[in-house]
>>> print(open('start-v4.pdb').read())   # PDB, C-alpha atoms, pLDDT in the B column
MODEL        1
ATOM      1  CA  ASP A   1      27.944 -30.869  37.737  1.00 65.00           C
ATOM      2  CA  ALA A   2      29.498 -29.834  41.041  1.00 80.00           C
ATOM      3  CA  GLY A   3      31.943 -27.482  39.367  1.00 92.00           C
ATOM      4  CA  VAL A   4      35.625 -27.271  40.191  1.00 96.00           C
ATOM      5  CA  ILE A   5      36.286 -28.629  43.658  1.00 97.00           C
ATOM      6  CA  GLN A   6      39.198 -27.469  45.777  1.00 97.00           C
ATOM      7  CA  SER A   7      40.410 -28.605  49.160  1.00 97.00           C
ATOM      8  CA  PRO A   8      41.083 -27.518  51.764  1.00 97.00           C
ATOM      9  CA  ARG A   9      39.165 -24.236  51.694  1.00 96.00           C
ATOM     10  CA  HIS A  10      41.391 -22.760  54.386  1.00 97.00           C
ATOM     11  CA  GLU A  11      44.888 -23.726  55.441  1.00 97.00           C
ATOM     12  CA  VAL A  12      46.949 -22.209  58.219  1.00 97.00           C
ATOM     13  CA  THR A  13      50.468 -23.491  58.608  1.00 97.00           C
ATOM     14  CA  GLU A  14      53.805 -22.492  60.005  1.00 97.00           C
ATOM     15  CA  MET A  15      56.788 -21.397  57.997  1.00 97.00           C
ATOM     16  CA  GLY A  16      58.825 -24.338  56.764  1.00 96.00           C
ATOM     17  CA  GLN A  17      55.941 -26.780  56.641  1.00 97.00           C
ATOM     18  CA  GLU A  18      54.821 -28.568  53.477  1.00 97.00           C
ATOM     19  CA  VAL A  19      51.458 -27.522  52.066  1.00 98.00           C
ATOM     20  CA  THR A  20      49.440 -29.508  49.534  1.00 98.00           C
ATOM     21  CA  LEU A  21      46.459 -28.013  47.757  1.00 98.00           C
ATOM     22  CA  ARG A  22      44.053 -30.217  45.818  1.00 98.00           C
ATOM     23  CA  CYS A  23      41.812 -29.723  42.837  1.00 98.00           C
ATOM     24  CA  LYS A  24      39.211 -31.762  41.022  1.00 98.00           C
ATOM     25  CA  PRO A  25      38.364 -30.210  37.618  1.00 96.00           C
ATOM     26  CA  ILE A  26      35.016 -30.370  35.879  1.00 93.00           C
ATOM     27  CA  SER A  27      34.540 -33.749  34.250  1.00 92.00           C
ATOM     28  CA  GLY A  28      35.417 -33.676  30.556  1.00 89.00           C
ATOM     29  CA  HIS A  29      37.597 -30.590  30.747  1.00 89.00           C
ATOM     30  CA  ASP A  30      41.067 -31.107  29.325  1.00 89.00           C
ATOM     31  CA  TYR A  31      42.749 -27.954  30.636  1.00 90.00           C
ATOM     32  CA  LEU A  32      43.566 -27.262  34.260  1.00 94.00           C
ATOM     33  CA  PHE A  33      45.017 -24.029  35.608  1.00 95.00           C
ATOM     34  CA  TRP A  34      46.486 -23.018  38.965  1.00 97.00           C
ATOM     35  CA  TYR A  35      46.331 -19.327  39.923  1.00 97.00           C
ATOM     36  CA  ARG A  36      47.423 -17.315  42.938  1.00 97.00           C
ATOM     37  CA  GLN A  37      45.627 -14.144  44.000  1.00 95.00           C
ATOM     38  CA  THR A  38      47.011 -11.471  46.319  1.00 93.00           C
ATOM     39  CA  MET A  39      46.087  -7.853  46.913  1.00 88.00           C
ATOM     40  CA  MET A  40      49.476  -6.703  45.682  1.00 87.00           C
ATOM     41  CA  ARG A  41      49.830  -8.811  42.555  1.00 87.00           C
ATOM     42  CA  GLY A  42      46.247  -9.663  41.623  1.00 89.00           C
ATOM     43  CA  LEU A  43      45.478 -12.953  39.900  1.00 92.00           C
ATOM     44  CA  GLU A  44      48.570 -14.690  38.557  1.00 92.00           C
ATOM     45  CA  LEU A  45      48.746 -17.866  36.496  1.00 93.00           C
ATOM     46  CA  LEU A  46      51.188 -20.310  38.054  1.00 96.00           C
ATOM     47  CA  ILE A  47      50.949 -23.326  35.760  1.00 95.00           C
ATOM     48  CA  TYR A  48      48.552 -25.035  33.412  1.00 93.00           C
ATOM     49  CA  PHE A  49      48.044 -28.557  32.139  1.00 94.00           C
ATOM     50  CA  ASN A  50      46.544 -29.979  28.978  1.00 91.00           C
ATOM     51  CA  ASN A  51      45.486 -33.614  29.062  1.00 92.00           C
ATOM     52  CA  ASN A  52      47.406 -34.043  32.337  1.00 94.00           C
ATOM     53  CA  VAL A  53      50.657 -32.726  30.815  1.00 95.00           C
ATOM     54  CA  PRO A  54      52.192 -29.478  32.149  1.00 95.00           C
ATOM     55  CA  ILE A  55      52.273 -26.989  29.262  1.00 91.00           C
ATOM     56  CA  ASP A  56      53.545 -23.791  30.846  1.00 91.00           C
ATOM     57  CA  ASP A  57      55.005 -23.475  34.331  1.00 93.00           C
ATOM     58  CA  SER A  58      56.690 -20.128  33.783  1.00 91.00           C
ATOM     59  CA  GLY A  59      54.516 -18.565  36.463  1.00 92.00           C
ATOM     60  CA  MET A  60      55.705 -20.887  39.223  1.00 94.00           C
ATOM     61  CA  PRO A  61      57.583 -18.539  41.539  1.00 88.00           C
ATOM     62  CA  GLU A  62      60.435 -20.841  42.507  1.00 86.00           C
ATOM     63  CA  ASP A  63      61.500 -24.421  43.070  1.00 91.00           C
ATOM     64  CA  ARG A  64      59.583 -24.589  46.319  1.00 95.00           C
ATOM     65  CA  PHE A  65      56.431 -24.857  44.213  1.00 97.00           C
ATOM     66  CA  SER A  66      55.510 -27.990  42.295  1.00 97.00           C
ATOM     67  CA  ALA A  67      52.322 -29.198  40.630  1.00 98.00           C
ATOM     68  CA  LYS A  68      51.184 -32.560  39.398  1.00 97.00           C
ATOM     69  CA  MET A  69      48.223 -33.964  37.542  1.00 97.00           C
ATOM     70  CA  PRO A  70      48.348 -37.760  37.846  1.00 97.00           C
ATOM     71  CA  ASN A  71      44.991 -38.193  36.082  1.00 95.00           C
ATOM     72  CA  ALA A  72      42.230 -36.218  34.416  1.00 94.00           C
ATOM     73  CA  SER A  73      40.265 -35.758  37.612  1.00 95.00           C
ATOM     74  CA  PHE A  74      42.904 -34.679  40.119  1.00 96.00           C
ATOM     75  CA  SER A  75      45.715 -32.174  40.503  1.00 98.00           C
ATOM     76  CA  THR A  76      47.888 -31.003  43.380  1.00 98.00           C
ATOM     77  CA  LEU A  77      49.914 -27.888  44.045  1.00 98.00           C
ATOM     78  CA  LYS A  78      52.618 -28.381  46.646  1.00 98.00           C
ATOM     79  CA  ILE A  79      54.713 -25.803  48.450  1.00 97.00           C
ATOM     80  CA  GLN A  80      57.749 -27.102  50.320  1.00 97.00           C
ATOM     81  CA  PRO A  81      58.978 -25.396  52.420  1.00 96.00           C
ATOM     82  CA  SER A  82      56.274 -22.770  52.822  1.00 96.00           C
ATOM     83  CA  GLU A  83      57.086 -19.126  53.608  1.00 96.00           C
ATOM     84  CA  PRO A  84      54.919 -16.245  54.892  1.00 96.00           C
ATOM     85  CA  ARG A  85      55.067 -14.566  51.472  1.00 95.00           C
ATOM     86  CA  ASP A  86      53.222 -17.574  50.031  1.00 96.00           C
ATOM     87  CA  SER A  87      50.102 -16.474  51.911  1.00 97.00           C
ATOM     88  CA  ALA A  88      47.421 -15.945  49.256  1.00 97.00           C
ATOM     89  CA  VAL A  89      44.268 -17.434  47.788  1.00 97.00           C
ATOM     90  CA  TYR A  90      45.053 -20.234  45.368  1.00 98.00           C
ATOM     91  CA  PHE A  91      42.513 -20.951  42.648  1.00 98.00           C
ATOM     92  CA  CYS A  92      42.163 -23.906  40.373  1.00 97.00           C
ATOM     93  CA  ALA A  93      40.274 -23.521  37.088  1.00 94.00           C
ATOM     94  CA  SER A  94      39.402 -25.872  34.247  1.00 92.00           C
ATOM     95  CA  SER A  95      38.279 -25.501  30.652  1.00 88.00           C
ATOM     96  CA  SER A  96      37.919 -27.366  27.384  1.00 83.00           C
ATOM     97  CA  PHE A  97      39.407 -26.497  24.012  1.00 70.00           C
ATOM     98  CA  ARG A  98      37.108 -25.305  21.269  1.00 58.00           C
ATOM     99  CA  THR A  99      37.468 -26.847  17.867  1.00 44.00           C
ATOM    100  CA  SER A 100      38.054 -23.338  16.531  1.00 45.00           C
ATOM    101  CA  GLY A 101      41.324 -23.211  18.373  1.00 47.00           C
ATOM    102  CA  SER A 102      40.400 -20.712  21.010  1.00 49.00           C
ATOM    103  CA  SER A 103      40.086 -21.558  24.640  1.00 53.00           C
ATOM    104  CA  ASP A 104      36.736 -22.097  26.197  1.00 61.00           C
ATOM    105  CA  THR A 105      35.510 -20.478  29.367  1.00 78.00           C
ATOM    106  CA  GLN A 106      37.657 -21.101  32.410  1.00 86.00           C
ATOM    107  CA  TYR A 107      35.593 -22.203  35.386  1.00 90.00           C
ATOM    108  CA  PHE A 108      37.127 -21.370  38.719  1.00 94.00           C
ATOM    109  CA  GLY A 109      36.920 -23.253  41.964  1.00 95.00           C
ATOM    110  CA  PRO A 110      36.168 -21.533  45.285  1.00 95.00           C
ATOM    111  CA  GLY A 111      39.854 -21.222  46.139  1.00 97.00           C
ATOM    112  CA  THR A 112      42.070 -22.228  49.043  1.00 98.00           C
ATOM    113  CA  ARG A 113      42.975 -19.432  51.434  1.00 97.00           C
ATOM    114  CA  LEU A 114      46.521 -20.138  52.611  1.00 98.00           C
ATOM    115  CA  THR A 115      48.073 -18.424  55.600  1.00 97.00           C
ATOM    116  CA  VAL A 116      51.690 -19.146  56.422  1.00 97.00           C
ATOM    117  CA  LEU A 117      52.695 -17.887  59.857  1.00 96.00           C
TER     118      LEU A 117
ATOM    119  CA  GLN B   1      54.450  -1.792  33.339  1.00 73.00           C
ATOM    120  CA  LYS B   2      51.779  -4.481  33.481  1.00 82.00           C
ATOM    121  CA  GLU B   3      50.350  -5.925  30.273  1.00 89.00           C
ATOM    122  CA  VAL B   4      46.816  -5.157  31.426  1.00 93.00           C
ATOM    123  CA  GLU B   5      45.980  -2.106  33.510  1.00 93.00           C
ATOM    124  CA  GLN B   6      42.779  -1.695  35.480  1.00 94.00           C
ATOM    125  CA  ASP B   7      41.828   0.940  38.027  1.00 90.00           C
ATOM    126  CA  PRO B   8      41.433  -0.829  41.387  1.00 88.00           C
ATOM    127  CA  GLY B   9      38.669   1.495  42.576  1.00 88.00           C
ATOM    128  CA  PRO B  10      36.645   1.223  44.701  1.00 93.00           C
ATOM    129  CA  LEU B  11      33.877   2.571  42.511  1.00 95.00           C
ATOM    130  CA  SER B  12      30.794   3.484  44.505  1.00 96.00           C
ATOM    131  CA  VAL B  13      27.492   4.222  42.735  1.00 96.00           C
ATOM    132  CA  PRO B  14      23.844   4.543  43.787  1.00 97.00           C
ATOM    133  CA  GLU B  15      21.429   1.800  42.854  1.00 97.00           C
ATOM    134  CA  GLY B  16      20.082   2.272  39.336  1.00 97.00           C
ATOM    135  CA  ALA B  17      23.146   4.119  38.054  1.00 97.00           C
ATOM    136  CA  ILE B  18      25.308   2.998  35.146  1.00 97.00           C
ATOM    137  CA  VAL B  19      28.594   1.404  36.142  1.00 97.00           C
ATOM    138  CA  SER B  20      31.442   2.002  33.716  1.00 97.00           C
ATOM    139  CA  LEU B  21      34.579  -0.128  33.937  1.00 97.00           C
ATOM    140  CA  ASN B  22      37.576  -0.255  31.658  1.00 96.00           C
ATOM    141  CA  CYS B  23      40.965  -1.791  31.023  1.00 97.00           C
ATOM    142  CA  THR B  24      43.881  -0.847  28.837  1.00 97.00           C
ATOM    143  CA  TYR B  25      46.433  -3.266  27.494  1.00 96.00           C
ATOM    144  CA  SER B  26      49.754  -3.154  25.713  1.00 94.00           C
ATOM    145  CA  ASN B  27      49.971  -6.469  23.842  1.00 90.00           C
ATOM    146  CA  SER B  28      48.417  -6.169  20.380  1.00 89.00           C
ATOM    147  CA  ALA B  29      48.332  -9.975  20.106  1.00 87.00           C
ATOM    148  CA  PHE B  30      45.335 -10.195  22.434  1.00 90.00           C
ATOM    149  CA  GLN B  31      42.298 -11.313  20.449  1.00 87.00           C
ATOM    150  CA  TYR B  32      39.750 -12.524  22.984  1.00 88.00           C
ATOM    151  CA  PHE B  33      38.495 -10.331  25.784  1.00 92.00           C
ATOM    152  CA  MET B  34      36.570 -11.282  28.860  1.00 92.00           C
ATOM    153  CA  TRP B  35      35.071  -9.816  31.972  1.00 96.00           C
ATOM    154  CA  TYR B  36      34.912 -11.856  35.139  1.00 95.00           C
ATOM    155  CA  ARG B  37      32.947 -11.039  38.275  1.00 97.00           C
ATOM    156  CA  GLN B  38      34.288 -12.069  41.640  1.00 96.00           C
ATOM    157  CA  TYR B  39      32.244 -11.902  44.807  1.00 96.00           C
ATOM    158  CA  SER B  40      34.024 -11.715  48.130  1.00 92.00           C
ATOM    159  CA  ARG B  41      35.654 -15.014  49.090  1.00 89.00           C
ATOM    160  CA  LYS B  42      34.534 -16.674  45.847  1.00 92.00           C
ATOM    161  CA  GLY B  43      36.257 -17.652  42.617  1.00 94.00           C
ATOM    162  CA  PRO B  44      35.907 -15.468  39.506  1.00 95.00           C
ATOM    163  CA  GLU B  45      33.012 -16.291  37.177  1.00 93.00           C
ATOM    164  CA  LEU B  46      32.787 -15.381  33.508  1.00 91.00           C
ATOM    165  CA  LEU B  47      30.417 -12.514  32.748  1.00 93.00           C
ATOM    166  CA  MET B  48      31.125 -11.522  29.152  1.00 90.00           C
ATOM    167  CA  TYR B  49      33.272 -12.923  26.334  1.00 88.00           C
ATOM    168  CA  THR B  50      34.033 -11.004  23.144  1.00 87.00           C
ATOM    169  CA  TYR B  51      36.232 -11.592  20.151  1.00 82.00           C
ATOM    170  CA  SER B  52      38.070  -8.704  18.487  1.00 75.00           C
ATOM    171  CA  SER B  53      36.613  -5.203  18.262  1.00 81.00           C
ATOM    172  CA  GLY B  54      32.984  -4.267  18.660  1.00 85.00           C
ATOM    173  CA  ASN B  55      30.155  -4.373  21.137  1.00 90.00           C
ATOM    174  CA  LYS B  56      28.341  -7.226  22.812  1.00 91.00           C
ATOM    175  CA  GLU B  57      25.225  -6.918  24.905  1.00 93.00           C
ATOM    176  CA  ASP B  58      23.787  -9.387  27.398  1.00 92.00           C
ATOM    177  CA  GLY B  59      20.896  -8.143  29.469  1.00 95.00           C
ATOM    178  CA  ARG B  60      22.093  -5.231  31.594  1.00 97.00           C
ATOM    179  CA  PHE B  61      25.710  -5.787  30.572  1.00 97.00           C
ATOM    180  CA  THR B  62      27.491  -4.346  27.540  1.00 96.00           C
ATOM    181  CA  ALA B  63      31.092  -5.094  26.654  1.00 96.00           C
ATOM    182  CA  GLN B  64      33.036  -2.947  24.207  1.00 95.00           C
ATOM    183  CA  VAL B  65      36.398  -3.630  22.626  1.00 95.00           C
ATOM    184  CA  ASP B  66      38.469  -1.045  20.775  1.00 94.00           C
ATOM    185  CA  LYS B  67      41.560  -2.816  19.537  1.00 91.00           C
ATOM    186  CA  SER B  68      42.933   0.266  17.818  1.00 92.00           C
ATOM    187  CA  SER B  69      43.121   1.994  21.185  1.00 93.00           C
ATOM    188  CA  LYS B  70      43.870  -1.196  23.150  1.00 94.00           C
ATOM    189  CA  TYR B  71      40.934  -0.378  25.399  1.00 95.00           C
ATOM    190  CA  ILE B  72      38.013  -2.460  26.616  1.00 96.00           C
ATOM    191  CA  SER B  73      34.969  -1.456  28.631  1.00 97.00           C
ATOM    192  CA  LEU B  74      32.119  -3.006  30.558  1.00 97.00           C
ATOM    193  CA  PHE B  75      28.911  -1.135  31.266  1.00 97.00           C
ATOM    194  CA  ILE B  76      26.315  -2.245  33.780  1.00 97.00           C
ATOM    195  CA  ARG B  77      22.931  -0.576  33.369  1.00 97.00           C
ATOM    196  CA  ASP B  78      20.363  -0.233  36.135  1.00 97.00           C
ATOM    197  CA  SER B  79      22.930  -1.378  38.694  1.00 97.00           C
ATOM    198  CA  GLN B  80      21.732  -3.402  41.666  1.00 97.00           C
ATOM    199  CA  PRO B  81      23.272  -3.982  45.104  1.00 97.00           C
ATOM    200  CA  SER B  82      23.838  -7.582  43.980  1.00 97.00           C
ATOM    201  CA  ASP B  83      26.251  -6.213  41.357  1.00 97.00           C
ATOM    202  CA  SER B  84      28.623  -5.248  44.164  1.00 97.00           C
ATOM    203  CA  ALA B  85      31.729  -7.290  43.457  1.00 97.00           C
ATOM    204  CA  THR B  86      35.192  -7.064  41.968  1.00 96.00           C
ATOM    205  CA  TYR B  87      35.242  -7.034  38.165  1.00 97.00           C
ATOM    206  CA  LEU B  88      38.328  -8.368  36.420  1.00 96.00           C
ATOM    207  CA  CYS B  89      39.105  -7.961  32.768  1.00 96.00           C
ATOM    208  CA  ALA B  90      41.015 -10.774  31.116  1.00 93.00           C
ATOM    209  CA  MET B  91      42.432 -11.328  27.672  1.00 91.00           C
ATOM    210  CA  ILE B  92      44.012 -14.075  25.655  1.00 87.00           C
ATOM    211  CA  GLN B  93      46.081 -14.319  22.519  1.00 82.00           C
ATOM    212  CA  ALA B  94      44.746 -16.030  19.419  1.00 66.00           C
ATOM    213  CA  ALA B  95      46.857 -19.089  20.094  1.00 56.00           C
ATOM    214  CA  GLY B  96      47.219 -20.633  23.477  1.00 60.00           C
ATOM    215  CA  ASN B  97      45.217 -20.611  26.640  1.00 67.00           C
ATOM    216  CA  LYS B  98      46.971 -18.245  29.008  1.00 80.00           C
ATOM    217  CA  LEU B  99      44.571 -15.690  30.372  1.00 86.00           C
ATOM    218  CA  THR B 100      46.136 -12.398  31.407  1.00 90.00           C
ATOM    219  CA  PHE B 101      44.071 -10.630  34.044  1.00 92.00           C
ATOM    220  CA  GLY B 102      43.778  -7.024  35.055  1.00 94.00           C
ATOM    221  CA  GLY B 103      44.036  -6.280  38.760  1.00 92.00           C
ATOM    222  CA  GLY B 104      40.280  -5.905  39.178  1.00 95.00           C
ATOM    223  CA  THR B 105      37.995  -3.004  40.041  1.00 96.00           C
ATOM    224  CA  ARG B 106      35.957  -3.193  43.208  1.00 96.00           C
ATOM    225  CA  VAL B 107      32.393  -1.952  42.665  1.00 97.00           C
ATOM    226  CA  LEU B 108      29.944  -1.036  45.400  1.00 97.00           C
ATOM    227  CA  VAL B 109      26.313  -0.356  44.506  1.00 97.00           C
ATOM    228  CA  LYS B 110      24.546   1.384  47.350  1.00 96.00           C
ATOM    229  CA  PRO B 111      20.790   0.878  47.842  1.00 94.00           C
TER     230      PRO B 111
ENDMDL
END
>>> encode(input="start-v4.pdb", output="structure tokens")
Amino acid sequence: DAGVIQSPRHEVTEMGQEVTLRCKPISGHDYLFWYRQTMMRGLELLIYFNNNVPIDDSGMPEDRFSAKMPNASFSTLKIQPSEPRDSAVYFCASSSFRTSGSSDTQYFGPGTRLTVL
Amino acid sequence: QKEVEQDPGPLSVPEGAIVSLNCTYSNSAFQYFMWYRQYSRKGPELLMYTYSSGNKEDGRFTAQVDKSSKYISLFIRDSQPSDSATYLCAMIQAAGNKLTFGGGTRVLVKP
């Protein structure tokens, strides 16, 4: 398996522009997570999906952020309009749910390094 | 105050030394405890996974959980330069899938 795939790997944009980050989870995984990592705040969970349905979006910083999962193999995180403080590394991760009720290992993608000028 | 506290380091040790990392947490509902390793410009990867209190050993790595003290540790024996990375602790409640991460400790093993 190729693992979690994210694109683009690097994105540089100007303030006010729309940014779309993409993620392809590991085949067969039913959970998908979007994280943001910065030096100041560390790794923060933004939103996660189960079977393509958003379960918890309490970590989404504001209405400028939105995420979708139209099918089991694709998810997007969109920022519109982007601001310099959105500069960070954005990670996508996927996992499957154990029958015991606990979550399985989360496998992370390589991340998208976003710079908003 | 953050739910999970972790010293950011950096922690610099000579090759062959024991690396000792730890995290403290405040939420007694956490039941599952993990350590992730993150190399520079890479995504985190799971290193150790433990449930409740006790020790778990995997090769050169030992994870300890003390729920009564809300304290977890990771020990790396015979450290190698390839162990140089940021180590993040993470924990999860019994129900649900939200991982809560510590801020990470940067480790540098010098040859």
>>> resolve_selection(input="start-v4.pdb", expression="the ChimeraX specification (/A :<9) & /B", output="list in words")
Tyr32, Arg41, Lys42, Gly43, Pro44, Glu45, Leu46, Tyr49, Ile92, Gln93, Ala94, Ala95, Gly96, Asn97, Lys98, Leu99, Thr100, Phe101, Gly102, Gly103 and Gly104 of chain B
>>> axis_aligned_box(input="start-v4.pdb", around="segment 34-40 of chain B", padding_each_side="4 Å", output="JSON")
{"center_x": 34.4, "center_y": -10.9, "center_z": 38.5, "size_x": 12.3, "size_y": 10.3, "size_z": 27.3}
>>> atom_distance(input="start-v4.pdb", atom1="atom CA of Met15 of chain A", atom2="atom CA of Ser66 of chain A")
17.1 Å
>>> atom_distance(input="start-v4.pdb", atom1="atom CA of Asp58 of chain B", atom2="atom CA of Lys110 of chain B")
22.7 Å
>>> residues_near_point(input="start-v4.pdb", point="(46.6, -1.2, 26.2)", cutoff="6 Å", atoms="only C-alpha atoms", output="PyMOL selection string")
chain B and resi 24-26+70-71
>>> resolve_selection(input="start-v4.pdb", expression="the PyMOL selection byres ((chain B and resi 7-15) around 10)", output="VMD selection string")
chain B and resid 5 to 6 16 to 24 77 to 88 102 to 111
>>> build_atoms(input="start-v4.pdb", residues="segment 68-82 of chain A", atoms="N, CA, C and O atoms", output="JSON list (two decimals), in the coordinates of the input")
[["chain", "number", "residue", "atom", "x", "y", "z"],
["A", 68, "LYS", "N", 51.31, -31.30, 40.10],
["A", 68, "LYS", "CA", 51.18, -32.56, 39.40],
["A", 68, "LYS", "C", 49.73, -32.77, 38.99],
["A", 68, "LYS", "O", 48.81, -32.23, 39.61],
["A", 69, "MET", "N", 49.57, -33.57, 37.95],
["A", 69, "MET", "CA", 48.22, -33.96, 37.54],
["A", 69, "MET", "C", 48.29, -35.44, 37.15],
["A", 69, "MET", "O", 48.52, -35.77, 35.98],
["A", 70, "PRO", "N", 48.17, -36.34, 38.11],
["A", 70, "PRO", "CA", 48.35, -37.76, 37.85],
["A", 70, "PRO", "C", 47.25, -38.35, 36.97],
["A", 70, "PRO", "O", 47.48, -39.38, 36.31],
["A", 71, "ASN", "N", 46.07, -37.72, 36.96],
["A", 71, "ASN", "CA", 44.99, -38.19, 36.08],
["A", 71, "ASN", "C", 44.06, -37.03, 35.77],
["A", 71, "ASN", "O", 44.23, -35.93, 36.31],
["A", 72, "ALA", "N", 43.10, -37.29, 34.92],
["A", 72, "ALA", "CA", 42.23, -36.22, 34.42],
["A", 72, "ALA", "C", 41.32, -35.62, 35.47],
["A", 72, "ALA", "O", 40.71, -34.57, 35.25],
["A", 73, "SER", "N", 41.21, -36.25, 36.62],
["A", 73, "SER", "CA", 40.26, -35.76, 37.61],
["A", 73, "SER", "C", 40.93, -35.26, 38.89],
["A", 73, "SER", "O", 40.25, -35.02, 39.90],
["A", 74, "PHE", "N", 42.24, -35.06, 38.87],
["A", 74, "PHE", "CA", 42.90, -34.68, 40.12],
["A", 74, "PHE", "C", 44.22, -33.97, 39.84],
["A", 74, "PHE", "O", 45.01, -34.40, 38.99],
["A", 75, "SER", "N", 44.45, -32.89, 40.59],
["A", 75, "SER", "CA", 45.72, -32.17, 40.50],
["A", 75, "SER", "C", 46.10, -31.67, 41.89],
["A", 75, "SER", "O", 45.23, -31.41, 42.74],
["A", 76, "THR", "N", 47.40, -31.55, 42.12],
["A", 76, "THR", "CA", 47.89, -31.00, 43.38],
["A", 76, "THR", "C", 48.88, -29.89, 43.11],
["A", 76, "THR", "O", 49.60, -29.90, 42.11],
["A", 77, "LEU", "N", 48.90, -28.95, 44.02],
["A", 77, "LEU", "CA", 49.91, -27.89, 44.04],
["A", 77, "LEU", "C", 50.58, -27.97, 45.41],
["A", 77, "LEU", "O", 49.91, -27.89, 46.43],
["A", 78, "LYS", "N", 51.89, -28.17, 45.40],
["A", 78, "LYS", "CA", 52.62, -28.38, 46.65],
["A", 78, "LYS", "C", 53.62, -27.26, 46.86],
["A", 78, "LYS", "O", 54.28, -26.81, 45.91],
["A", 79, "ILE", "N", 53.73, -26.81, 48.07],
["A", 79, "ILE", "CA", 54.71, -25.80, 48.45],
["A", 79, "ILE", "C", 55.55, -26.40, 49.58],
["A", 79, "ILE", "O", 55.05, -26.78, 50.63],
["A", 80, "GLN", "N", 56.85, -26.50, 49.34],
["A", 80, "GLN", "CA", 57.75, -27.10, 50.32],
["A", 80, "GLN", "C", 59.15, -26.51, 50.18],
["A", 80, "GLN", "O", 59.79, -26.71, 49.14],
["A", 81, "PRO", "N", 59.65, -25.80, 51.20],
["A", 81, "PRO", "CA", 58.98, -25.40, 52.42],
["A", 81, "PRO", "C", 58.16, -24.12, 52.21],
["A", 81, "PRO", "O", 58.50, -23.30, 51.36],
["A", 82, "SER", "N", 57.12, -23.96, 52.97],
["A", 82, "SER", "CA", 56.27, -22.77, 52.82],
["A", 82, "SER", "C", 56.90, -21.57, 53.54],
["A", 82, "SER", "O", 57.66, -21.73, 54.50]]
